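K.L.:
Dropping a structure here in structure tokens format, bear with me for questions.
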Amino acid sequence: MSEHYYTKDPKVKSDPKEWTATIRSVALRFKTDAGVFSKGEVDFGSRLLAEAFVQPKSEGAILDIGCGYGPLGLSIAASFPERKLHMVDVNERALMLASYNAQQNGIENVEIYSSDALSGVTEDGFAAILTNPPIRAGKETVFEFYEGALSKLKSRGELWVVIQKKQGAPSTIDRLMEIFGNVETVVKKKGYFILKAEKH
């Protein structure tokens, strides 16, 4: 069985790479490696979500679930330096890279730690939660992300999700309607949906 990027401790041989990407008009230097999601470039979904994200009206920290090596969370943290960004992932190699990438880009308003979905997140009252969910982990796992997000958001807090139509955008829209009672399609591009649901 081949390993997935949502494995806690990837055994695949390390093969680090470094490159620069501009997201939200900020040039960021990334170190990536084998065994992490989209190691060769910032994946289209994460980039689309980062570019579409609008700072929430309410104050408070932002949480990036499944942060990988950090392109989404770090670009948001760089855009809103007055906000605290929590970045979590189950993949230890991804977390080491995210921490390294935060340091090499001088981004200090981040807290990066291990969490299987939301199990390791002790704080709540987040103003926004962002996720590019691990579709290959299965629909049940992804839906747990959404349900967990509701309990971790403050009132009027927002969950932002990027998902491809072919990977289950319609069922995600239905599930978010069930959980949150509302869902907005913020952007639709190349088969990707940026969805936003607000906690009432």
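Convention: chains lettered A, B, ... in structure tokens order; per-chain residue numbering from 1; ligands numbered from 1 as shown.
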List the spatial neighbours of Asn182 of chain A as a PDB file with C-alpha atoms, in the first residue's frame - criterion: any atom at most 12 Å away, only C-alpha atoms, same-chain residues fewer than 5 positions off excluded.
P.N.:
```pdb
ATOM      1  CA  ARG A 156     -20.347  34.467  13.248  1.00  0.00           C
ATOM      2  CA  GLU A 158     -16.499  31.333   9.133  1.00  0.00           C
ATOM      3  CA  LEU A 159     -15.413  28.006   7.687  1.00  0.00           C
ATOM      4  CA  THR A 172     -19.845  19.063   0.718  1.00  0.00           C
ATOM      5  CA  ILE A 173     -22.321  21.862  -0.052  1.00  0.00           C
ATOM      6  CA  ASP A 174     -25.189  19.633   1.156  1.00  0.00           C
ATOM      7  CA  ARG A 175     -23.274  18.674   4.330  1.00  0.00           C
ATOM      8  CA  LEU A 176     -22.332  22.272   5.148  1.00  0.00           C
ATOM      9  CA  MET A 177     -25.997  23.268   4.721  1.00  0.00           C
ATOM     10  CA  LEU A 195     -17.129  27.581  -0.092  1.00  0.00           C
ATOM     11  CA  LYS A 196     -17.870  29.649   2.998  1.00  0.00           C
ATOM     12  CA  ALA A 197     -20.229  28.722   5.826  1.00  0.00           C
ATOM     13  CA  GLU A 198     -20.927  30.981   8.806  1.00  0.00           C
ATOM     14  CA  LYS A 199     -21.732  29.854  12.338  1.00  0.00           C
ATOM     15  CA  HIS A 200     -24.969  31.437  13.575  1.00  0.00           C
TER      16      HIS A 200
END
```
K.L.:
As a list of chain:residue names, please: every residue in segment 53-142 of chain A that a backbone DSSP assignment puts in strand (DSSP E).
P.N.:
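In segment 53-142 of chain A, DSSP puts these residues in strand (DSSP E): A:Ile62, A:Leu63, A:Asp64, A:Ile65, A:Leu85, A:His86, A:Met87, A:Val88, A:Asp89, A:Val110, A:Glu111, A:Ile112, A:Tyr113, A:Ser114, A:Phe126, A:Ala127, A:Ala128, A:Ile129, A:Leu130, A:Thr131.
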K.L.:
Can you pull out every residue within 7 Å of segment 28-32 of chain A, counting only C-alpha atoms, but drop anything in the same chain fewer than 5 positions away, and send it as a list of chain:residue names?
P.N.:
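Near segment 28-32 of chain A, the qualifying residues are A:Pro16, A:Lys17, A:Glu18, A:Trp19, A:Thr20, A:Ala21, A:Thr22, A:Lys39, A:Tyr69, A:Leu97, A:Asn101, A:Asn105.
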K.L.:
Could you turn the residues from that selection into a file that holds N, CA and C atoms, as a PDB file, in the first residue's frame?
P.N.:
```
ATOM      1  N   PRO A  16      14.394  16.860  -0.324  1.00  0.00           N
ATOM      2  CA  PRO A  16      13.947  18.240  -0.170  1.00  0.00           C
ATOM      3  C   PRO A  16      14.188  19.115  -1.397  1.00  0.00           C
ATOM      4  N   LYS A  17      13.275  20.059  -1.587  1.00  0.00           N
ATOM      5  CA  LYS A  17      13.392  21.045  -2.670  1.00  0.00           C
ATOM      6  C   LYS A  17      13.057  22.406  -2.090  1.00  0.00           C
ATOM      7  N   GLU A  18      13.628  23.460  -2.696  1.00  0.00           N
ATOM      8  CA  GLU A  18      13.264  24.830  -2.284  1.00  0.00           C
ATOM      9  C   GLU A  18      12.902  25.643  -3.509  1.00  0.00           C
ATOM     10  N   TRP A  19      11.874  26.462  -3.373  1.00  0.00           N
ATOM     11  CA  TRP A  19      11.429  27.320  -4.474  1.00  0.00           C
ATOM     12  C   TRP A  19      10.611  28.473  -3.904  1.00  0.00           C
ATOM     13  N   THR A  20      10.334  29.458  -4.731  1.00  0.00           N
ATOM     14  CA  THR A  20       9.602  30.652  -4.296  1.00  0.00           C
ATOM     15  C   THR A  20       8.262  30.723  -5.021  1.00  0.00           C
ATOM     16  N   ALA A  21       7.236  31.159  -4.308  1.00  0.00           N
ATOM     17  CA  ALA A  21       5.922  31.372  -4.917  1.00  0.00           C
ATOM     18  C   ALA A  21       5.355  32.686  -4.413  1.00  0.00           C
ATOM     19  N   THR A  22       4.607  33.357  -5.260  1.00  0.00           N
ATOM     20  CA  THR A  22       3.939  34.592  -4.847  1.00  0.00           C
ATOM     21  C   THR A  22       2.460  34.293  -4.657  1.00  0.00           C
ATOM     22  N   LYS A  39       4.307  18.707  -3.406  1.00  0.00           N
ATOM     23  CA  LYS A  39       5.645  19.186  -3.021  1.00  0.00           C
ATOM     24  C   LYS A  39       6.330  20.051  -4.072  1.00  0.00           C
ATOM     25  N   TYR A  69       2.996  21.867   4.185  1.00  0.00           N
ATOM     26  CA  TYR A  69       4.239  22.626   4.421  1.00  0.00           C
ATOM     27  C   TYR A  69       3.973  24.124   4.588  1.00  0.00           C
ATOM     28  N   LEU A  97       8.448  21.126   8.071  1.00  0.00           N
ATOM     29  CA  LEU A  97       8.640  22.026   6.929  1.00  0.00           C
ATOM     30  C   LEU A  97       7.883  23.333   7.125  1.00  0.00           C
ATOM     31  N   ASN A 101       9.536  26.895   7.140  1.00  0.00           N
ATOM     32  CA  ASN A 101       9.108  27.910   6.175  1.00  0.00           C
ATOM     33  C   ASN A 101       8.630  29.192   6.857  1.00  0.00           C
ATOM     34  N   ASN A 105      10.737  32.768   6.277  1.00  0.00           N
ATOM     35  CA  ASN A 105      10.009  33.909   5.724  1.00  0.00           C
ATOM     36  C   ASN A 105       9.741  34.988   6.774  1.00  0.00           C
TER      37      ASN A 105
END
```
K.L.:
For Ala77 of chain A, list every protein, DNA or RNA residue within 7 Å, evaluated using only C-alpha atoms, and leave out those in the same chain fewer than 6 positions away; present the list as a list in words.
P.N.:
Arg83, Leu85, Asn109 and Val110 of chain A
K.L.:
Point out the residue among A:Gln55, A:Ser46, A:Asn91, A:Gln104 with the least atom-to-atom distance to Phe193 of chain A, counting only C-alpha atoms.
P.N.:
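So, comparing all the options, the nearest one is A:Ser46.
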K.L.:
Within 12 Å of Ile135 of chain A, counting only C-alpha atoms, which residues qualify if same-chain residues fewer than 5 places away don't, as a ChimeraX atom specification?
P.N.:
/A:4-6,37,66,140-145,161-169,172
K.L.:
Quick one: residues within 6 Å of Met87 of chain A, only C-alpha atoms counted, chain neighbours fewer than 5 positions away excluded, as a list in words?
P.N.:
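Listed by chain and then number, they are Leu63, Asp64, Cys67 and Ile112 of chain A.
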K.L.:
Quick check, in Å to one decimal: how far apart do atom CA of Leu49 of chain A and atom CA of Gly157 of chain A lie?
P.N.:
16.7 Å
K.L.:
Measure the distance from atom CA of Gly68 of chain A to atom CA of Asp33 of chain A in Å and round it to one decimal.
P.N.:
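Calculated distance between atom CA of Gly68 of chain A and atom CA of Asp33 of chain A is 10.5 Å.
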K.L.:
Restricting the calculation to only C-alpha atoms: of A:Phe126, A:Trp160, A:Tyr192, A:Tyr113, which residue gets closest to Lys84 of chain A?
P.N.:
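For Lys84 of chain A, the nearest of the given residues is A:Phe126.
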K.L.:
Quick check for you: according to DSSP on this backbone, which residues of segment 91-166 of chain A are classed as helix (DSSP H, G or I)? Reply as number ranges by chain.
P.N.:
A: 92-104, 135-137, 139-152, 165-166
K.L.:
Atoms to include: C-alpha atoms. Write the selected residues as a PDB file, in the first residue's frame.
P.N.:
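For reference, selection_9.pdb as written:
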```pdb
ATOM      1  CA  GLU A  92       5.171  15.263  11.147  1.00  0.00           C
ATOM      2  CA  ARG A  93       7.366  15.957   8.119  1.00  0.00           C
ATOM      3  CA  ALA A  94       4.888  18.573   6.865  1.00  0.00           C
ATOM      4  CA  LEU A  95       4.865  20.248  10.299  1.00  0.00           C
ATOM      5  CA  MET A  96       8.685  20.448  10.388  1.00  0.00           C
ATOM      6  CA  LEU A  97       8.640  22.026   6.929  1.00  0.00           C
ATOM      7  CA  ALA A  98       5.864  24.467   7.875  1.00  0.00           C
ATOM      8  CA  SER A  99       7.872  25.580  10.934  1.00  0.00           C
ATOM      9  CA  TYR A 100      11.009  25.953   8.836  1.00  0.00           C
ATOM     10  CA  ASN A 101       9.108  27.910   6.175  1.00  0.00           C
ATOM     11  CA  ALA A 102       7.608  30.238   8.789  1.00  0.00           C
ATOM     12  CA  GLN A 103      11.103  30.953  10.119  1.00  0.00           C
ATOM     13  CA  GLN A 104      12.770  31.476   6.750  1.00  0.00           C
ATOM     14  CA  ILE A 135     -10.079  14.076   0.038  1.00  0.00           C
ATOM     15  CA  ARG A 136      -8.224  10.761  -0.231  1.00  0.00           C
ATOM     16  CA  ALA A 137      -8.715  10.197   3.492  1.00  0.00           C
ATOM     17  CA  LYS A 139     -15.655  11.447   2.873  1.00  0.00           C
ATOM     18  CA  GLU A 140     -16.294  10.528   6.525  1.00  0.00           C
ATOM     19  CA  THR A 141     -12.951  12.027   7.603  1.00  0.00           C
ATOM     20  CA  VAL A 142     -13.558  15.181   5.588  1.00  0.00           C
ATOM     21  CA  PHE A 143     -17.073  15.587   7.015  1.00  0.00           C
ATOM     22  CA  GLU A 144     -15.569  15.247  10.514  1.00  0.00           C
ATOM     23  CA  PHE A 145     -13.406  18.292   9.670  1.00  0.00           C
ATOM     24  CA  TYR A 146     -16.582  20.282   8.962  1.00  0.00           C
ATOM     25  CA  GLU A 147     -18.423  19.118  12.078  1.00  0.00           C
ATOM     26  CA  GLY A 148     -15.405  19.769  14.278  1.00  0.00           C
ATOM     27  CA  ALA A 149     -15.000  23.224  12.753  1.00  0.00           C
ATOM     28  CA  LEU A 150     -18.492  24.246  13.887  1.00  0.00           C
ATOM     29  CA  SER A 151     -17.595  23.629  17.540  1.00  0.00           C
ATOM     30  CA  LYS A 152     -14.270  25.478  17.221  1.00  0.00           C
ATOM     31  CA  LYS A 165     -16.498  19.386  -8.116  1.00  0.00           C
ATOM     32  CA  LYS A 166     -15.340  15.886  -9.099  1.00  0.00           C
TER      33      LYS A 166
END
```
K.L.:
At what distance in Å, to one decimal, does atom CA of Ile23 of chain A lie from atom CA of His86 of chain A?
P.N.:
18.6 Å
K.L.:
A:Thr185, A:Ser14, A:Asn132, A:Ser114: which is nearest Gly35 of chain A, counting only C-alpha atoms?
P.N.:
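The answer is A:Ser14, which sits nearest to Gly35 of chain A.
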